[in-house]
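Asks: This is the structure I have questions about; it appears just below.
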Amino acid sequence: MANYEALKASVDKNGEVMIRLDTGESIELHKHNVKFENATKEIVVDSGPQTSWIGADRVTYWIHKEGFEKE
């Protein structure tokens, strides 16, 4: 499962991160629609019609590689 701080840093660095919940649902996080609640270690996703609070221990995550320059 995801480390809260590593996930937070990845969103900050990459601008977007894909997560998969332990239920199998996938969600795309963007800097403009996600907040990290340090006190509770929850990810707050505002997707317009709904807001979701997700425990970081319930997700795995990855980034899209296309469009990124090799360093």
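Ordering of the structure tokens sets the chain letters (A, B, ...); residue numbers start at 1 within each chain; ligands are numbered from 1 in the order shown.
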Quick one: everything within 8 Å of Tyr4 of chain A, counting only C-alpha atoms, minus sequence neighbours fewer than 5 positions away in the same chain. Send it as a PyMOL selection string.

Replies: chain A and resi 41+56-57

Asks: Let me see the file: selected residues, all heavy atoms, as an mmCIF file, in the first residue's frame.

Replies:
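Output (out.cif):
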```cif
data_model
loop_
_atom_site.group_PDB
_atom_site.id
_atom_site.type_symbol
_atom_site.label_atom_id
_atom_site.label_comp_id
_atom_site.auth_asym_id
_atom_site.auth_seq_id
_atom_site.Cartn_x
_atom_site.Cartn_y
_atom_site.Cartn_z
ATOM 1 N N LYS A 41 -3.897 11.684 7.692
ATOM 2 C CA LYS A 41 -3.243 10.929 6.608
ATOM 3 C C LYS A 41 -4.264 10.483 5.562
ATOM 4 O O LYS A 41 -4.221 9.377 5.043
ATOM 5 C CB LYS A 41 -2.469 9.722 7.139
ATOM 6 C CG LYS A 41 -1.414 10.062 8.150
ATOM 7 C CD LYS A 41 -0.289 10.830 7.517
ATOM 8 C CE LYS A 41 0.860 10.956 8.506
ATOM 9 N NZ LYS A 41 1.551 12.199 8.426
ATOM 10 N N ALA A 56 -4.685 6.798 2.867
ATOM 11 C CA ALA A 56 -3.539 6.474 2.010
ATOM 12 C C ALA A 56 -3.153 5.012 2.100
ATOM 13 O O ALA A 56 -2.568 4.459 1.168
ATOM 14 C CB ALA A 56 -2.350 7.358 2.375
ATOM 15 N N ASP A 57 -3.498 4.360 3.183
ATOM 16 C CA ASP A 57 -3.169 2.946 3.332
ATOM 17 C C ASP A 57 -4.073 2.045 2.489
ATOM 18 O O ASP A 57 -3.885 0.840 2.447
ATOM 19 C CB ASP A 57 -3.229 2.534 4.794
ATOM 20 C CG ASP A 57 -4.603 2.715 5.412
ATOM 21 O OD1 ASP A 57 -5.419 3.506 4.890
ATOM 22 O OD2 ASP A 57 -4.863 2.071 6.442
#
```

Asks: What residues in chain A get the DSSP label alpha helix (DSSP H)? Please answer as a PyMOL selection string.

Replies: chain A and resi 4-14

Asks: Could you check which of A:Gly55, A:Gln50, A:Leu21, A:Ser10 is closest to Glu37 of chain A, using only C-alpha atoms?

Replies: A:Gly55

Asks: Work out how far apart atom CA of Glu16 of chain A and atom CA of Val59 of chain A are and give it in Å to one decimal.

Replies: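 Those two atoms sit 14.9 Å apart.
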
Asks: Tell me, as a PDB file with all heavy atoms, in the first residue's frame, which residues lie within 10 Å of Asn14 of chain A, counting only C-alpha atoms; anything in the same chain fewer than 2 positions away does not count.

Replies:
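Contents of around.pdb, freshly written:
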```
ATOM      1  N   ALA A   9       4.332  13.590  -2.229  1.00  0.00           N
ATOM      2  CA  ALA A   9       5.480  14.107  -2.971  1.00  0.00           C
ATOM      3  C   ALA A   9       5.352  13.818  -4.459  1.00  0.00           C
ATOM      4  O   ALA A   9       5.726  14.649  -5.303  1.00  0.00           O
ATOM      5  CB  ALA A   9       6.769  13.512  -2.415  1.00  0.00           C
ATOM      6  N   SER A  10       4.813  12.657  -4.818  1.00  0.00           N
ATOM      7  CA  SER A  10       4.653  12.301  -6.218  1.00  0.00           C
ATOM      8  C   SER A  10       3.638  13.205  -6.913  1.00  0.00           C
ATOM      9  O   SER A  10       3.853  13.632  -8.046  1.00  0.00           O
ATOM     10  CB  SER A  10       4.237  10.835  -6.348  1.00  0.00           C
ATOM     11  OG  SER A  10       4.244  10.446  -7.695  1.00  0.00           O
ATOM     12  N   VAL A  11       2.540  13.519  -6.252  1.00  0.00           N
ATOM     13  CA  VAL A  11       1.556  14.455  -6.821  1.00  0.00           C
ATOM     14  C   VAL A  11       2.207  15.817  -7.015  1.00  0.00           C
ATOM     15  O   VAL A  11       2.050  16.450  -8.061  1.00  0.00           O
ATOM     16  CB  VAL A  11       0.294  14.570  -5.939  1.00  0.00           C
ATOM     17  CG1 VAL A  11      -0.604  15.704  -6.416  1.00  0.00           C
ATOM     18  CG2 VAL A  11      -0.484  13.270  -5.935  1.00  0.00           C
ATOM     19  N   ASP A  12       2.973  16.260  -6.024  1.00  0.00           N
ATOM     20  CA  ASP A  12       3.638  17.565  -6.112  1.00  0.00           C
ATOM     21  C   ASP A  12       4.637  17.587  -7.262  1.00  0.00           C
ATOM     22  O   ASP A  12       4.680  18.527  -8.037  1.00  0.00           O
ATOM     23  CB  ASP A  12       4.325  17.883  -4.785  1.00  0.00           C
ATOM     24  CG  ASP A  12       4.880  19.286  -4.760  1.00  0.00           C
ATOM     25  OD1 ASP A  12       4.137  20.232  -5.111  1.00  0.00           O
ATOM     26  OD2 ASP A  12       6.070  19.448  -4.401  1.00  0.00           O
ATOM     27  N   GLU A  16       0.218  14.926 -11.503  1.00  0.00           N
ATOM     28  CA  GLU A  16      -0.888  13.984 -11.507  1.00  0.00           C
ATOM     29  C   GLU A  16      -0.375  12.601 -11.149  1.00  0.00           C
ATOM     30  O   GLU A  16       0.768  12.253 -11.433  1.00  0.00           O
ATOM     31  CB  GLU A  16      -1.614  13.946 -12.839  1.00  0.00           C
ATOM     32  CG  GLU A  16      -0.829  13.313 -13.959  1.00  0.00           C
ATOM     33  CD  GLU A  16      -1.630  13.191 -15.244  1.00  0.00           C
ATOM     34  OE1 GLU A  16      -2.581  13.952 -15.456  1.00  0.00           O
ATOM     35  OE2 GLU A  16      -1.283  12.319 -16.052  1.00  0.00           O
ATOM     36  N   VAL A  17      -1.217  11.835 -10.499  1.00  0.00           N
ATOM     37  CA  VAL A  17      -0.893  10.472 -10.100  1.00  0.00           C
ATOM     38  C   VAL A  17      -2.166   9.652 -10.188  1.00  0.00           C
ATOM     39  O   VAL A  17      -3.244  10.116  -9.818  1.00  0.00           O
ATOM     40  CB  VAL A  17      -0.341  10.424  -8.651  1.00  0.00           C
ATOM     41  CG1 VAL A  17      -0.159   8.997  -8.174  1.00  0.00           C
ATOM     42  CG2 VAL A  17       0.959  11.191  -8.539  1.00  0.00           C
ATOM     43  N   HIS A  30      -5.017  15.081  -9.413  1.00  0.00           N
ATOM     44  CA  HIS A  30      -4.316  16.223  -9.990  1.00  0.00           C
ATOM     45  C   HIS A  30      -4.073  17.250  -8.879  1.00  0.00           C
ATOM     46  O   HIS A  30      -4.861  17.318  -7.925  1.00  0.00           O
ATOM     47  CB  HIS A  30      -5.146  16.883 -11.089  1.00  0.00           C
ATOM     48  CG  HIS A  30      -5.354  16.013 -12.275  1.00  0.00           C
ATOM     49  ND1 HIS A  30      -6.473  15.231 -12.422  1.00  0.00           N
ATOM     50  CD2 HIS A  30      -4.581  15.779 -13.355  1.00  0.00           C
ATOM     51  CE1 HIS A  30      -6.390  14.567 -13.568  1.00  0.00           C
ATOM     52  NE2 HIS A  30      -5.245  14.884 -14.149  1.00  0.00           N
ATOM     53  N   LYS A  31      -3.033  18.052  -9.035  1.00  0.00           N
ATOM     54  CA  LYS A  31      -2.737  19.075  -8.029  1.00  0.00           C
ATOM     55  C   LYS A  31      -3.952  19.956  -7.746  1.00  0.00           C
ATOM     56  O   LYS A  31      -4.162  20.363  -6.618  1.00  0.00           O
ATOM     57  CB  LYS A  31      -1.577  19.961  -8.487  1.00  0.00           C
ATOM     58  CG  LYS A  31      -0.232  19.378  -8.252  1.00  0.00           C
ATOM     59  CD  LYS A  31       0.833  20.420  -8.580  1.00  0.00           C
ATOM     60  CE  LYS A  31       2.200  19.895  -8.263  1.00  0.00           C
ATOM     61  NZ  LYS A  31       3.226  20.915  -8.524  1.00  0.00           N
ATOM     62  N   ILE A  63       2.321   6.635 -12.120  1.00  0.00           N
ATOM     63  CA  ILE A  63       2.221   7.815 -12.977  1.00  0.00           C
ATOM     64  C   ILE A  63       2.216   7.364 -14.429  1.00  0.00           C
ATOM     65  O   ILE A  63       2.680   6.278 -14.762  1.00  0.00           O
ATOM     66  CB  ILE A  63       3.366   8.817 -12.738  1.00  0.00           C
ATOM     67  CG1 ILE A  63       4.723   8.176 -13.046  1.00  0.00           C
ATOM     68  CG2 ILE A  63       3.315   9.361 -11.325  1.00  0.00           C
ATOM     69  CD1 ILE A  63       5.878   9.136 -13.057  1.00  0.00           C
ATOM     70  N   HIS A  64       1.698   8.239 -15.296  1.00  0.00           N
ATOM     71  CA  HIS A  64       1.760   8.009 -16.743  1.00  0.00           C
ATOM     72  C   HIS A  64       3.143   8.445 -17.202  1.00  0.00           C
ATOM     73  O   HIS A  64       3.589   9.526 -16.870  1.00  0.00           O
ATOM     74  CB  HIS A  64       0.710   8.845 -17.487  1.00  0.00           C
ATOM     75  CG  HIS A  64      -0.687   8.497 -17.156  1.00  0.00           C
ATOM     76  ND1 HIS A  64      -1.272   7.315 -17.537  1.00  0.00           N
ATOM     77  CD2 HIS A  64      -1.646   9.166 -16.482  1.00  0.00           C
ATOM     78  CE1 HIS A  64      -2.514   7.280 -17.121  1.00  0.00           C
ATOM     79  NE2 HIS A  64      -2.769   8.381 -16.471  1.00  0.00           N
ATOM     80  N   PHE A  68       6.707  12.464 -20.710  1.00  0.00           N
ATOM     81  CA  PHE A  68       7.780  12.870 -19.807  1.00  0.00           C
ATOM     82  C   PHE A  68       9.115  12.729 -20.530  1.00  0.00           C
ATOM     83  O   PHE A  68       9.380  11.748 -21.203  1.00  0.00           O
ATOM     84  CB  PHE A  68       7.809  11.985 -18.539  1.00  0.00           C
ATOM     85  CG  PHE A  68       6.761  12.373 -17.541  1.00  0.00           C
ATOM     86  CD1 PHE A  68       5.524  11.730 -17.539  1.00  0.00           C
ATOM     87  CD2 PHE A  68       6.995  13.363 -16.618  1.00  0.00           C
ATOM     88  CE1 PHE A  68       4.544  12.073 -16.635  1.00  0.00           C
ATOM     89  CE2 PHE A  68       6.024  13.698 -15.697  1.00  0.00           C
ATOM     90  CZ  PHE A  68       4.803  13.064 -15.702  1.00  0.00           C
TER      91      PHE A  68
END
```

Asks: Excluding Thr60 of chain A and any residue of its chain fewer than 6 positions from it, enumerate the residues within 10 Å of it, using only C-alpha atoms, and give them as a count of residues only.

Replies: 11

Asks: With a distance cut-off of 8 Å and only C-alpha atoms, select the neighbouring residues of Trp53 of chain A, excluding the residue or stretch itself and same-chain residues fewer than 3 positions from it, and output the selection as a list in words.

Replies: Glu42, Ile43, Val44 and Val45 of chain A

Asks: Given the selection you just returned, output its residues as a file containing C-alpha atoms, formatted as an mmCIF file, in the first residue's frame.

Replies:
```cif
data_model
loop_
_atom_site.group_PDB
_atom_site.id
_atom_site.type_symbol
_atom_site.label_atom_id
_atom_site.label_comp_id
_atom_site.auth_asym_id
_atom_site.auth_seq_id
_atom_site.Cartn_x
_atom_site.Cartn_y
_atom_site.Cartn_z
ATOM 1 C CA GLU A 42 -6.213 11.116 4.249
ATOM 2 C CA ILE A 43 -6.342 12.133 0.606
ATOM 3 C CA VAL A 44 -9.241 14.491 -0.141
ATOM 4 C CA VAL A 45 -10.359 14.411 -3.779
#
```

Asks: Would you compute the distance between atom CA of Arg58 of chain A and atom CA of Ala6 of chain A? Give it in Å to one decimal.

Replies: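 Computing the Euclidean distance for atom CA of Arg58 of chain A and atom CA of Ala6 of chain A yields 14.0 Å.
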
Asks: Point out the residue among A:Asp46, A:Thr23, A:Phe36, A:Leu29 with the least atom-to-atom distance to Tyr61 of chain A, counting only C-alpha atoms.

Replies: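 Checking each candidate against Tyr61 of chain A, we get A:Leu29 as the closest.
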